[in-house]
Amino acid sequence: SEILKKLSKTGHLFSFDQDREAIDYSKERLSKINNNFTIIDSNFVNLKEKLNECGVSKVDGIIFDLGLSSPQIDNVDRGFSYMNRDAILDMRMDTRTKLTAEDIVNNYSEDELSDVFFSYGEEKMSRSIARKILEVRSSKRIKTAGDLEDIIASATGMKYFNLNHPDRQIFQAIRIEVNNELNVLKKVLPDAIQMLNKGGRIVVITFHSLEDRIVKKTFKELSEINEFYKGLPEKDIPKEFQPKIMLVNKKPILPSEEELEENSRSKSAKLRIAERV
């Protein structure tokens with residue numbers, strides 16, 4: 001809303017979302033400000049392709065907000081949160097896609113589940129939890145957040161469960177797998193940076209360490225001279241191997257105490273900024 005207000009006379013806001021409820025809500029809210037916006041019903045991994053279809057090849061600024069919205073978290077039918085035991089295991093950001101969290105926990109092999117839990121949740125008891133899931137689902141289908149939470153507690157023991165909250169890590173891991181979140185981020189960042197005008201900025205807000213690691217690594221690689229050409233005069237370095245961006249902040253910006261009081265869900269947020277050169 002605040003960005004659109006700044007674009008009341010010049011410029012245009014393009015927004016990406018794959019959640020129909022979010023799109024409908026945003027259209028209603030933004031149209032009250034002005035009509036200088038286009039909402040694109042697509043995963044932002046298609047940013048370059050979809051903007052090209054709109055006749056846009058360069059942009060002045062890009063913001064990626066990688067977090068779930070509060071309505072998604074609070075809606076029991078979406079199944080994103082382990083806080084409501086009756087929530088169905090869905091977790092799709094785009095409800096038109098087929099793969100759900102329920103599909104994963106009931107159909108993935110022990111090795112596949114363990115890999116997802118360890119790679120995306122960084123949970124050290126991934127193997128035990130995966131093994132317990134297979135044991136339980138051999139006699140009944142796992143359908144709700146409560147079903148899965150009970151399995152995690154049983155697999156890890158209540159002392160470990162209460163101390164380390166592995167349910168958070170497992171639910172995060174499954175959500176990332178359902179929506180292919182990390183691969184999408186790896187693919188879109190270079191495309192987004194390529195589309196920036198000189199002096200244009202890219203801002204990324206992440207909400208867990210795996211996302212932030214990808215952003216930090218991508219920004220670092222694209223802000224440095226290719227290793228092979230280090231030490232050479234800039235004029236002798238091919239353009240494609242010169243830095244594409246400069247880092248505006250080397251350390252991520254974290255929420256202030258005031259923001260945390262107003263919005264506790266911003267606790268894990270990290271914001272990084274880079275500028276096209």
# chains A, B, ... in the order shown; residues from 1 in each chain; ligands from 1

call {"tool": "select_by_dssp", "arguments": {"residues": "segment 38-248 of chain A", "states": "helix (DSSP H, G or I)", "output": "PyMOL selection string"}}
result
chain A and resi 44-53+70-74+101-107+110-121+126-137+145-156+158-164+166-179+181-195+209-222+227-229+234-236+239-241

call {"tool": "closest_atom_pairs", "arguments": {"of": "segment 38-152 of chain A", "to": "segment 4-22 of chain A", "cutoff": "7 Å", "atoms": "only C-alpha atoms", "output": "CSV"}}
result
residue,atom,partner,partner_atom,distance
A:Thr38,CA,A:Phe14,CA,4.9
A:Ile39,CA,A:Ser15,CA,4.7
A:Ile40,CA,A:Phe16,CA,4.9
A:Asp41,CA,A:Gln18,CA,5.3
A:Ser42,CA,A:Gln18,CA,4.9
A:Asn43,CA,A:Gln18,CA,5.6
A:Phe44,CA,A:Phe16,CA,5.8
A:Met93,CA,A:Asp19,CA,5.9
A:Asp94,CA,A:Gln18,CA,5.2

call {"tool": "closest_residue", "arguments": {"among": "A:Ala192, A:Asn226, A:Lys235, A:Asn107", "to": "Ser138 of chain A", "atoms": "only C-alpha atoms"}}
result
A:Asn107

call {"tool": "residues_around", "arguments": {"residues": "segment 174-180 of chain A", "least_positions_apart": "3", "cutoff": "9 Å", "atoms": "only C-alpha atoms", "output": "JSON, numbers by chain"}}
result
{"A": [80, 90, 91, 92, 93, 94, 99, 100, 101, 104, 105, 113, 116, 117, 120, 121, 169, 170, 171, 183, 184, 185]}

call {"tool": "select_by_dssp", "arguments": {"residues": "segment 12-245 of chain A", "states": "strand (DSSP E)", "output": "list in words"}}
result
Leu13, Phe14, Ser15, Phe16, Asp17, Phe37, Thr38, Ile39, Ile40, Asp41, Val59, Asp60, Gly61, Ile62, Ile63, Phe64, Asp65, Leu196, Asn197, Lys198, Gly199, Gly200, Arg201, Ile202, Val203, Val204, Ile205, Thr206 and Ile245 of chain A
